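Below: start_16.cif (mmCIF, C-alpha atoms)
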data_my_file
loop_
_atom_site.group_PDB
_atom_site.id
_atom_site.type_symbol
_atom_site.label_atom_id
_atom_site.label_comp_id
_atom_site.auth_asym_id
_atom_site.auth_seq_id
_atom_site.Cartn_x
_atom_site.Cartn_y
_atom_site.Cartn_z
ATOM 1 C CA MET A 1 147.903 148.727 -13.601
ATOM 2 C CA GLY A 2 145.508 147.228 -11.062
ATOM 3 C CA PRO A 3 144.681 143.547 -10.780
ATOM 4 C CA VAL A 4 142.335 142.134 -13.389
ATOM 5 C CA SER A 5 138.842 141.729 -12.041
ATOM 6 C CA VAL A 6 137.439 138.234 -12.512
ATOM 7 C CA ALA A 7 133.738 137.606 -12.938
ATOM 8 C CA ARG A 8 132.080 134.312 -12.059
ATOM 9 C CA VAL A 9 129.417 133.511 -14.622
ATOM 10 C CA HIS A 10 126.751 130.863 -14.043
ATOM 11 C CA ILE A 11 125.308 129.511 -17.271
ATOM 12 C CA ASP A 12 122.249 127.247 -17.366
ATOM 13 C CA VAL A 13 121.666 125.135 -20.466
ATOM 14 C CA MET A 14 118.270 123.454 -20.855
ATOM 15 C CA LEU A 15 116.689 121.400 -23.603
ATOM 16 C CA LYS A 16 114.038 123.472 -25.368
ATOM 17 C CA ASP A 17 110.534 122.814 -24.033
ATOM 18 C CA GLU A 18 109.503 120.925 -27.173
ATOM 19 C CA ILE A 19 112.450 118.497 -26.959
ATOM 20 C CA LEU A 20 111.742 115.249 -25.104
ATOM 21 C CA ASP A 21 113.813 114.961 -21.924
ATOM 22 C CA PRO A 22 113.969 111.264 -20.976
ATOM 23 C CA GLN A 23 116.263 111.963 -18.002
ATOM 24 C CA GLY A 24 113.732 114.379 -16.579
ATOM 25 C CA GLN A 25 110.970 111.845 -17.146
ATOM 26 C CA ALA A 26 112.927 109.129 -15.308
ATOM 27 C CA ILE A 27 113.342 111.411 -12.288
ATOM 28 C CA GLU A 28 109.709 112.435 -12.541
ATOM 29 C CA ARG A 29 108.702 108.781 -12.259
ATOM 30 C CA ALA A 30 111.160 108.069 -9.424
ATOM 31 C CA LEU A 31 110.107 110.890 -7.090
ATOM 32 C CA PRO A 32 106.593 109.610 -6.306
ATOM 33 C CA SER A 33 108.039 106.204 -5.422
ATOM 34 C CA LEU A 34 110.035 107.980 -2.704
ATOM 35 C CA GLY A 35 106.874 109.596 -1.392
ATOM 36 C CA PHE A 36 107.287 113.017 -3.033
ATOM 37 C CA THR A 37 103.793 113.706 -4.278
ATOM 38 C CA GLY A 38 102.565 116.562 -6.425
ATOM 39 C CA VAL A 39 105.549 116.595 -8.818
ATOM 40 C CA ARG A 40 104.175 117.747 -12.175
ATOM 41 C CA GLU A 41 107.223 117.849 -14.395
ATOM 42 C CA VAL A 42 111.011 117.499 -14.135
ATOM 43 C CA ARG A 43 113.502 118.822 -16.690
ATOM 44 C CA VAL A 44 117.243 118.168 -16.499
ATOM 45 C CA GLY A 45 119.866 120.603 -17.741
ATOM 46 C CA LYS A 46 123.470 121.640 -17.254
ATOM 47 C CA HIS A 47 124.873 124.282 -14.930
ATOM 48 C CA ILE A 48 128.236 125.604 -16.111
ATOM 49 C CA VAL A 49 130.432 127.931 -14.030
ATOM 50 C CA VAL A 50 132.984 130.039 -15.870
ATOM 51 C CA ASP A 51 135.523 132.335 -14.200
ATOM 52 C CA ILE A 52 136.474 134.934 -16.761
ATOM 53 C CA ASP A 53 138.309 138.250 -16.908
ATOM 54 C CA ASP A 54 135.750 140.981 -16.475
ATOM 55 C CA ALA A 55 135.422 143.795 -18.999
ATOM 56 C CA ASP A 56 132.734 145.873 -20.659
ATOM 57 C CA ASP A 57 132.167 143.231 -23.314
ATOM 58 C CA LEU A 58 131.534 140.435 -20.802
ATOM 59 C CA ASP A 59 127.922 139.883 -21.899
ATOM 60 C CA ARG A 60 128.913 139.670 -25.535
ATOM 61 C CA ARG A 61 131.665 137.131 -24.804
ATOM 62 C CA VAL A 62 129.466 134.968 -22.579
ATOM 63 C CA GLU A 63 126.637 134.944 -25.101
ATOM 64 C CA ALA A 64 129.050 134.069 -27.909
ATOM 65 C CA MET A 65 130.605 131.142 -26.036
ATOM 66 C CA ALA A 66 127.195 129.845 -25.001
ATOM 67 C CA ASP A 67 125.888 130.134 -28.539
ATOM 68 C CA ARG A 68 128.927 128.556 -30.212
ATOM 69 C CA LEU A 69 129.852 125.797 -27.769
ATOM 70 C CA LEU A 70 128.097 125.545 -24.414
ATOM 71 C CA ALA A 71 124.613 125.145 -25.911
ATOM 72 C CA ASN A 72 123.450 123.707 -29.218
ATOM 73 C CA PRO A 73 120.845 126.220 -30.424
ATOM 74 C CA VAL A 74 119.134 123.492 -32.459
ATOM 75 C CA ILE A 75 117.918 121.747 -29.296
ATOM 76 C CA GLU A 76 118.895 123.896 -26.318
ATOM 77 C CA ARG A 77 118.483 127.374 -24.847
ATOM 78 C CA PHE A 78 120.687 129.074 -22.297
ATOM 79 C CA SER A 79 120.476 131.738 -19.655
ATOM 80 C CA TYR A 80 123.197 133.151 -17.418
ATOM 81 C CA ARG A 81 123.903 135.400 -14.485
ATOM 82 C CA VAL A 82 127.093 137.132 -13.444
ATOM 83 C CA GLU A 83 128.087 136.732 -9.805
ATOM 84 C CA MET B 1 140.201 105.643 -55.123
ATOM 85 C CA ARG B 2 141.331 106.860 -51.705
ATOM 86 C CA ILE B 3 138.957 107.210 -48.778
ATOM 87 C CA GLY B 4 140.032 109.116 -45.691
ATOM 88 C CA VAL B 5 138.912 107.932 -42.256
ATOM 89 C CA VAL B 6 139.350 110.510 -39.509
ATOM 90 C CA THR B 7 140.502 109.455 -36.049
ATOM 91 C CA PHE B 8 139.485 111.756 -33.209
ATOM 92 C CA PRO B 9 140.656 111.134 -29.633
ATOM 93 C CA GLY B 10 138.032 108.606 -28.526
ATOM 94 C CA SER B 11 137.089 107.281 -31.970
ATOM 95 C CA CYS B 12 136.724 103.510 -31.807
ATOM 96 C CA ASP B 13 135.329 102.434 -35.190
ATOM 97 C CA ASP B 14 138.065 104.009 -37.288
ATOM 98 C CA ARG B 15 139.885 100.708 -37.818
ATOM 99 C CA ASP B 16 136.683 98.926 -38.813
ATOM 100 C CA ALA B 17 135.901 101.755 -41.238
ATOM 101 C CA ARG B 18 139.347 101.495 -42.835
ATOM 102 C CA GLN B 19 138.972 97.719 -43.016
ATOM 103 C CA ALA B 20 135.562 98.070 -44.698
ATOM 104 C CA VAL B 21 137.036 100.478 -47.242
ATOM 105 C CA ALA B 22 139.771 97.944 -47.989
ATOM 106 C CA VAL B 23 137.263 95.073 -48.280
ATOM 107 C CA LEU B 24 135.475 97.113 -50.926
ATOM 108 C CA GLY B 25 138.653 97.506 -52.905
ATOM 109 C CA ALA B 26 139.507 101.123 -52.171
ATOM 110 C CA GLU B 27 142.542 102.500 -50.404
ATOM 111 C CA PRO B 28 141.884 103.604 -46.806
ATOM 112 C CA VAL B 29 143.789 106.688 -45.693
ATOM 113 C CA ALA B 30 144.116 107.348 -41.963
ATOM 114 C CA LEU B 31 143.511 111.011 -41.166
ATOM 115 C CA TRP B 32 144.146 112.600 -37.771
ATOM 116 C CA HIS B 33 141.843 115.153 -36.156
ATOM 117 C CA GLY B 34 144.753 117.570 -35.847
ATOM 118 C CA ASP B 35 145.463 117.475 -39.600
ATOM 119 C CA ALA B 36 144.489 120.643 -41.407
ATOM 120 C CA ASP B 37 144.329 118.950 -44.809
ATOM 121 C CA LEU B 38 142.788 115.771 -46.205
ATOM 122 C CA ALA B 39 145.817 114.350 -48.060
ATOM 123 C CA GLY B 40 143.985 114.546 -51.378
ATOM 124 C CA VAL B 41 141.416 111.838 -50.601
ATOM 125 C CA ASP B 42 138.339 111.318 -52.808
ATOM 126 C CA ALA B 43 135.865 110.906 -49.930
ATOM 127 C CA VAL B 44 135.889 111.153 -46.135
ATOM 128 C CA VAL B 45 134.336 108.979 -43.425
ATOM 129 C CA LEU B 46 133.918 110.242 -39.862
ATOM 130 C CA PRO B 47 133.716 107.045 -37.805
ATOM 131 C CA GLY B 48 131.857 106.058 -34.673
ATOM 132 C CA GLY B 49 133.147 106.298 -31.157
ATOM 133 C CA PHE B 50 133.177 108.776 -28.321
ATOM 134 C CA SER B 51 135.256 111.699 -29.545
ATOM 135 C CA HIS B 52 136.670 113.754 -26.670
ATOM 136 C CA GLY B 53 134.737 111.551 -24.250
ATOM 137 C CA ASP B 54 131.450 112.942 -25.591
ATOM 138 C CA TYR B 55 131.948 115.712 -23.008
ATOM 139 C CA LEU B 56 129.406 118.547 -23.074
ATOM 140 C CA ARG B 57 127.470 116.995 -26.004
ATOM 141 C CA THR B 58 128.346 114.243 -28.438
ATOM 142 C CA GLY B 59 130.475 115.751 -31.199
ATOM 143 C CA ALA B 60 130.531 119.218 -29.630
ATOM 144 C CA ILE B 61 134.306 119.358 -29.069
ATOM 145 C CA ALA B 62 135.337 117.358 -32.155
ATOM 146 C CA ARG B 63 133.551 119.915 -34.284
ATOM 147 C CA PHE B 64 136.369 122.389 -33.581
ATOM 148 C CA SER B 65 139.194 120.030 -34.645
ATOM 149 C CA PRO B 66 141.535 121.404 -37.324
ATOM 150 C CA VAL B 67 140.442 118.627 -39.698
ATOM 151 C CA MET B 68 136.861 119.888 -39.574
ATOM 152 C CA GLY B 69 137.861 123.118 -41.319
ATOM 153 C CA ALA B 70 139.292 121.063 -44.172
ATOM 154 C CA ILE B 71 136.173 118.878 -44.220
ATOM 155 C CA ARG B 72 133.925 121.945 -44.370
ATOM 156 C CA ASP B 73 135.859 123.188 -47.437
ATOM 157 C CA PHE B 74 135.857 119.711 -49.020
ATOM 158 C CA ALA B 75 132.104 119.331 -48.476
ATOM 159 C CA GLY B 76 131.530 122.832 -49.846
ATOM 160 C CA ARG B 77 133.234 121.764 -53.084
ATOM 161 C CA GLY B 78 130.873 118.783 -53.332
ATOM 162 C CA GLY B 79 133.205 116.196 -51.808
ATOM 163 C CA PRO B 80 131.443 113.128 -50.387
ATOM 164 C CA VAL B 81 131.461 113.025 -46.567
ATOM 165 C CA LEU B 82 129.814 110.277 -44.493
ATOM 166 C CA GLY B 83 129.460 110.440 -40.717
ATOM 167 C CA VAL B 84 128.568 107.210 -38.930
ATOM 168 C CA CYS B 85 127.170 107.324 -35.391
ATOM 169 C CA ASN B 86 129.555 109.683 -33.569
ATOM 170 C CA GLY B 87 130.579 111.007 -36.986
ATOM 171 C CA PHE B 88 126.898 111.825 -37.651
ATOM 172 C CA GLN B 89 126.782 113.645 -34.320
ATOM 173 C CA VAL B 90 129.922 115.624 -35.225
ATOM 174 C CA LEU B 91 128.443 116.665 -38.602
ATOM 175 C CA CYS B 92 125.227 117.855 -36.919
ATOM 176 C CA GLU B 93 127.185 119.840 -34.338
ATOM 177 C CA ALA B 94 129.203 121.360 -37.200
ATOM 178 C CA HIS B 95 125.914 122.340 -38.898
ATOM 179 C CA LEU B 96 126.992 120.429 -42.003
ATOM 180 C CA LEU B 97 123.846 118.339 -41.463
ATOM 181 C CA PRO B 98 120.444 119.501 -40.206
ATOM 182 C CA GLY B 99 119.005 118.579 -36.806
ATOM 183 C CA ALA B 100 120.629 117.071 -33.743
ATOM 184 C CA LEU B 101 121.105 113.735 -31.970
ATOM 185 C CA THR B 102 119.985 113.423 -28.370
ATOM 186 C CA ARG B 103 119.743 110.840 -25.591
ATOM 187 C CA ASN B 104 117.793 107.726 -26.589
ATOM 188 C CA ALA B 105 114.169 107.960 -25.499
ATOM 189 C CA GLY B 106 114.559 104.772 -23.442
ATOM 190 C CA LEU B 107 117.783 106.109 -21.858
ATOM 191 C CA ARG B 108 119.500 102.801 -22.613
ATOM 192 C CA PHE B 109 122.497 102.200 -24.823
ATOM 193 C CA VAL B 110 121.156 100.100 -27.698
ATOM 194 C CA ALA B 111 123.393 97.569 -29.477
ATOM 195 C CA ARG B 112 121.623 95.198 -31.844
ATOM 196 C CA PRO B 113 120.979 94.287 -35.467
ATOM 197 C CA GLN B 114 118.567 96.767 -37.041
ATOM 198 C CA HIS B 115 116.676 97.061 -40.299
ATOM 199 C CA ILE B 116 116.588 100.346 -42.143
ATOM 200 C CA ARG B 117 114.672 101.369 -45.241
ATOM 201 C CA VAL B 118 116.580 103.453 -47.746
ATOM 202 C CA GLU B 119 114.503 106.535 -48.565
ATOM 203 C CA ALA B 120 116.371 108.948 -50.761
ATOM 204 C CA GLY B 121 119.160 109.060 -53.232
ATOM 205 C CA SER B 122 122.556 110.394 -52.250
ATOM 206 C CA VAL B 123 126.057 109.568 -53.394
ATOM 207 C CA TRP B 124 126.196 107.233 -50.404
ATOM 208 C CA THR B 125 123.182 105.201 -51.527
ATOM 209 C CA ALA B 126 123.601 105.538 -55.288
ATOM 210 C CA GLY B 127 122.371 102.320 -56.900
ATOM 211 C CA VAL B 128 120.317 101.297 -53.850
ATOM 212 C CA ALA B 129 116.666 101.698 -54.811
ATOM 213 C CA PRO B 130 114.463 103.691 -52.428
ATOM 214 C CA GLY B 131 112.417 101.212 -50.385
ATOM 215 C CA THR B 132 115.277 98.722 -50.123
ATOM 216 C CA VAL B 133 115.524 97.218 -46.630
ATOM 217 C CA LEU B 134 119.028 96.694 -45.292
ATOM 218 C CA ALA B 135 120.209 94.947 -42.117
ATOM 219 C CA ILE B 136 122.801 97.155 -40.443
ATOM 220 C CA PRO B 137 123.769 97.052 -36.755
ATOM 221 C CA ILE B 138 123.252 99.961 -34.381
ATOM 222 C CA LYS B 139 125.090 100.733 -31.132
ATOM 223 C CA HIS B 140 124.512 104.079 -29.507
ATOM 224 C CA GLY B 141 123.229 105.849 -26.419
ATOM 225 C CA GLU B 142 122.490 109.166 -28.107
ATOM 226 C CA GLY B 143 120.859 108.416 -31.420
ATOM 227 C CA ARG B 144 117.461 110.053 -31.086
ATOM 228 C CA TYR B 145 117.307 112.283 -34.143
ATOM 229 C CA VAL B 146 115.571 115.592 -33.585
ATOM 230 C CA HIS B 147 114.386 117.968 -36.297
ATOM 231 C CA PRO B 148 111.565 120.520 -36.130
ATOM 232 C CA ALA B 149 110.174 119.703 -39.605
ATOM 233 C CA PRO B 150 110.879 116.088 -40.608
ATOM 234 C CA ASP B 151 108.264 116.209 -43.383
ATOM 235 C CA GLU B 152 110.029 119.122 -45.060
ATOM 236 C CA LEU B 153 113.293 117.218 -44.753
ATOM 237 C CA ALA B 154 111.718 114.214 -46.490
ATOM 238 C CA ALA B 155 110.131 116.403 -49.184
ATOM 239 C CA ALA B 156 113.566 117.853 -49.908
ATOM 240 C CA GLY B 157 114.944 114.316 -50.361
ATOM 241 C CA GLN B 158 117.188 114.642 -47.323
ATOM 242 C CA VAL B 159 115.979 111.616 -45.358
ATOM 243 C CA LEU B 160 118.501 108.924 -46.204
ATOM 244 C CA ALA B 161 116.990 106.022 -44.266
ATOM 245 C CA ARG B 162 114.381 105.180 -41.626
ATOM 246 C CA TYR B 163 114.336 102.494 -38.945
ATOM 247 C CA CYS B 164 111.909 99.770 -39.954
ATOM 248 C CA ALA B 165 110.742 96.203 -39.352
ATOM 249 C CA PRO B 166 112.319 93.410 -41.451
ATOM 250 C CA ASP B 167 109.445 93.758 -43.943
ATOM 251 C CA GLY B 168 110.062 97.477 -44.337
ATOM 252 C CA THR B 169 107.226 98.693 -42.106
ATOM 253 C CA VAL B 170 108.127 101.998 -40.496
ATOM 254 C CA ASP B 171 106.414 102.211 -37.103
ATOM 255 C CA ASP B 172 107.090 102.947 -33.436
ATOM 256 C CA ALA B 173 107.847 99.300 -32.673
ATOM 257 C CA ALA B 174 110.784 99.436 -35.111
ATOM 258 C CA ASN B 175 112.137 102.700 -33.691
ATOM 259 C CA PRO B 176 115.078 101.874 -31.407
ATOM 260 C CA ASN B 177 115.662 105.303 -29.898
ATOM 261 C CA GLY B 178 112.666 107.592 -30.377
ATOM 262 C CA SER B 179 114.009 109.368 -33.466
ATOM 263 C CA VAL B 180 111.463 111.697 -35.065
ATOM 264 C CA ALA B 181 109.716 109.929 -37.981
ATOM 265 C CA ASN B 182 112.057 106.921 -37.449
ATOM 266 C CA ILE B 183 114.871 108.836 -39.144
ATOM 267 C CA ALA B 184 118.131 106.858 -39.112
ATOM 268 C CA GLY B 185 120.117 109.040 -41.490
ATOM 269 C CA VAL B 186 119.962 112.352 -43.333
ATOM 270 C CA THR B 187 121.877 114.280 -45.957
ATOM 271 C CA ASN B 188 122.575 117.916 -46.570
ATOM 272 C CA ARG B 189 120.575 119.702 -49.240
ATOM 273 C CA GLU B 190 123.126 118.871 -51.931
ATOM 274 C CA GLY B 191 123.280 115.185 -50.938
ATOM 275 C CA ASN B 192 127.057 114.901 -50.722
ATOM 276 C CA VAL B 193 127.207 115.031 -46.922
ATOM 277 C CA ALA B 194 125.419 112.181 -45.178
ATOM 278 C CA GLY B 195 124.985 111.002 -41.605
ATOM 279 C CA LEU B 196 123.862 107.544 -40.546
ATOM 280 C CA MET B 197 123.333 106.225 -37.024
ATOM 281 C CA PRO B 198 123.630 102.528 -38.023
ATOM 282 C CA HIS B 199 127.098 101.173 -38.793
ATOM 283 C CA PRO B 200 127.593 99.974 -42.398
ATOM 284 C CA GLU B 201 131.290 99.379 -41.665
ATOM 285 C CA HIS B 202 130.284 96.603 -39.232
ATOM 286 C CA ALA B 203 128.251 94.851 -41.940
ATOM 287 C CA VAL B 204 130.697 94.043 -44.720
ATOM 288 C CA GLU B 205 131.564 90.412 -43.837
ATOM 289 C CA ALA B 206 129.111 87.475 -43.786
ATOM 290 C CA LEU B 207 130.889 86.257 -40.646
ATOM 291 C CA LEU B 208 129.561 89.321 -38.821
ATOM 292 C CA GLY B 209 125.943 88.651 -39.778
ATOM 293 C CA SER B 210 125.293 90.986 -42.691
ATOM 294 C CA THR B 211 127.001 92.315 -45.774
ATOM 295 C CA ASP B 212 124.393 95.020 -46.428
ATOM 296 C CA GLY B 213 126.863 97.677 -45.339
ATOM 297 C CA ARG B 214 128.708 97.053 -48.592
ATOM 298 C CA ARG B 215 125.736 98.378 -50.508
ATOM 299 C CA ILE B 216 126.004 101.762 -48.843
ATOM 300 C CA LEU B 217 129.771 102.099 -48.843
ATOM 301 C CA GLY B 218 130.148 100.369 -52.191
ATOM 302 C CA ALA B 219 127.629 102.674 -53.844
ATOM 303 C CA ALA B 220 129.672 105.648 -52.766
ATOM 304 C CA LEU B 221 132.851 104.157 -54.183
ATOM 305 C CA ALA B 222 131.130 103.445 -57.480
ATOM 306 C CA SER B 223 129.721 106.947 -57.783
ATOM 307 C CA VAL B 224 132.960 108.661 -56.857
ATOM 308 C CA THR B 225 134.902 106.512 -59.297
ATOM 309 C CA ALA B 226 132.398 107.102 -62.096
#

For this file, write the structure as structure tokens.
Amino acid sequence: MGPVSVARVHIDVMLKDEILDPQGQAIERALPSLGFTGVREVRVGKHIVVDIDDADDLDRRVEAMADRLLANPVIERFSYRVE
Amino acid sequence: MRIGVVTFPGSCDDRDARQAVAVLGAEPVALWHGDADLAGVDAVVLPGGFSHGDYLRTGAIARFSPVMGAIRDFAGRGGPVLGVCNGFQVLCEAHLLPGALTRNAGLRFVARPQHIRVEAGSVWTAGVAPGTVLAIPIKHGEGRYVHPAPDELAAAGQVLARYCAPDGTVDDAANPNGSVANIAGVTNREGNVAGLMPHPEHAVEALLGSTDGRRILGAALASVTA
């Protein structure tokens, strides 16, 4: 039996567009004071890195863990990529 | 009359909740998050605090505690469950209550006396007339209630209380955290599961500034005993 292949999965969790993001707003207000002009909007989210045994059902497992724990579907959406 | 109070790792209002239960003449029963049964209690309180460090999202990890399976069954049989503050967050994460609680609009942790107007009947407010204004303290950093259809929630009788001015006026000035429609607490459709951001367990002794918390907790005791 060969070694188990491990996939590195990057999962991004963001508040849905319609949910107020006060952290993003605070950054949005801070940037111009540092001289960064032209900033239209800032949204803050989470970037989660998971190393996980690779297999055919990787997508299904990642989507299930994101849906059940990593994101709250009431207020957040997620996307991911496998490295 | 036995009321269970669950302690999660990071709960900090569990002792106050048990004390409030005792002040009201019921028997507090300490429950542990790792317990898979509720020791035959008549009602359950999930207290405030910072369960599991509030890592990931408030209540997100606590939701998977063994005790939550027992609470889901208990609630499904009509058992009264009240979540206060972090307990409210846990019940939302567990989808036992609608909506979610997010970072305060002002980003600041808010700790202060607060007035709320009781809106709807539930076992937890039985005997408190809708429109009654109560003084109950708040203390939270993530209490901004979010729901896509707050009017439908109100029409279904699921809005338990709203943040208001001392005279009962519900407006933006009286909203401490940006909650949609000033919502401070909600119930499930059946009314037996309730969540409240303010802390009634901190308002049961005149020495602490208000005894209005007794009206919420006491109503529940009366209705469960009845």

Explicit residue set for the PyMOL selection byres ((chain B) within 9 of (chain A)), as a list in words: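 On this input, the PyMOL selection byres ((chain B) within 9 of (chain A)) captures Leu56, Arg57, Ala60, Ile61, Glu93, Pro98, Gly99, Ala100, Thr102, Arg103, Asn104, Ala105, Gly106, Leu107, Val146, His147 and Pro148 of chain B.
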
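Here CA of Arg81 (chain A) stands at a distance of 14.4 Å from CA of Ala64 (chain A).
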
Residue nearest Val23 (chain B) - candidates B:Glu152, B:Asp42, B:Asp171, B:Glu201, atoms counted: only C-alpha atoms: B:Glu201

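Nearest residue to Gly10 (chain B), choosing from B:Gly49, B:Pro198, B:Gly34, B:Pro176 and counting only C-alpha atoms: B:Gly49.
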
Explicit residue set for the PyMOL selection byres ((chain B and resi 202-210) around 8), as a list in words: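 With the PyMOL selection byres ((chain B and resi 202-210) around 8) on this model, the match is Asp16, Ala17, Ala20, Val23, Ala135, Ile136, Pro137, His199, Pro200, Glu201, Thr211, Asp212, Gly213 and Arg214 of chain B.
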
Surrounding residues of Gly4 (chain B) excluding itself and chain neighbours under 5 positions, 12 Å, all atoms listed in the file, as number ranges by chain: B: 14-15, 17-22, 26-33, 35, 37-47, 67, 71, 74, 79-83

Closest of B:Ala165, B:Gly76, B:Thr132, B:Gly185 to Pro150 (chain B) - atom-to-atom distances counting only C-alpha atoms: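 Nearest candidate to Pro150 (chain B) out of B:Ala165, B:Gly76, B:Thr132, B:Gly185: B:Gly185.
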
Output of the PyMOL selection byres ((chain A and resi 43) around 7), listed as a ChimeraX atom specification: /A:21,24,41-42,44-45

Contacts of Leu97 (chain B) at 9 Å (all atoms listed in the file; same-chain gap of 2+ positions) as a PyMOL selection string: chain B and resi 88+91-95+99-100+186-189+193-195

CA of Lys139 (chain B) to CA of Gly127 (chain B), distance in Å rounded to a single decimal: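 Computing the Euclidean distance for CA of Lys139 (chain B) and CA of Gly127 (chain B) yields 26.0 Å.
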
Closest of B:Leu24, B:Val180, B:Phe64, B:Arg77 to Gly143 (chain B) - atom-to-atom distances counting only C-alpha atoms: B:Val180
